[in-house]
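What follows is a set of notes on a single structure, which appears directly below.
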Amino acid sequence: MNAPTDMEKNDLFEKVKIAANGRMVLPKSMRNAVGIEGETELVLTIKDGQIQISTIADRIREARQIFRKSVKRPFSSDDFLATRERD
């Protein structure tokens, strides 16, 4: 199997097998590369026909970035909650 041509030297490439019951092992090199330790809940997303795996912390970080881009002035989650309580 040839690796995709757009892969960079630092990208990891691992081949895994899905068992008959749907289980697979996420290779240690991949877990280490993204900081997954022990029992960690992950979020799986299908995008452009590919399965993407991310941690809850990654999803929170992405949501915060989207929030920061959409708010014109500094606005914390505490500010948001205070506003919601007033409404």
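Convention: chains lettered A, B, ... in structure tokens order; per-chain residue numbering from 1; ligands numbered from 1 as shown.
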
All alpha helix (DSSP H) residues (DSSP, backbone) inside chain A, as a PyMOL selection string: chain A and resi 28-34+56-70+77-86

Backbone DSSP call of strand (DSSP E or B) for chain A, listed as a ChimeraX atom specification: /A:42-47,50-55

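Put simply, CA of Ile56 in chain A is 6.6 Å away from CA of Val43 in chain A.
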
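Nearest residue to Ala57 in chain A, choosing from A:Gly22, A:Pro74, A:Gly35, A:Pro27 and counting only C-alpha atoms: A:Gly35.
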
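Excluding Met30 in chain A itself and same-chain residues fewer than 5 positions from it, the residues having an atom within 9 Å of it are A:Leu12, A:Phe13, A:Glu14, A:Gly35, A:Ile36, counting only C-alpha atoms.
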
Just C-alpha atoms for this one: save the residues we selected as a PDB file, in the first residue's frame.
ATOM      1  CA  LEU A  12       2.454   9.166  10.983  1.00  0.00           C
ATOM      2  CA  PHE A  13       1.110   6.341   8.880  1.00  0.00           C
ATOM      3  CA  GLU A  14      -0.109   3.116  10.474  1.00  0.00           C
ATOM      4  CA  GLY A  35      -1.423  12.976  23.922  1.00  0.00           C
ATOM      5  CA  ILE A  36      -4.045  10.273  24.461  1.00  0.00           C
TER       6      ILE A  36
END

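Here CA of Gln52 in chain A stands at a distance of 15.0 Å from CA of Val25 in chain A.
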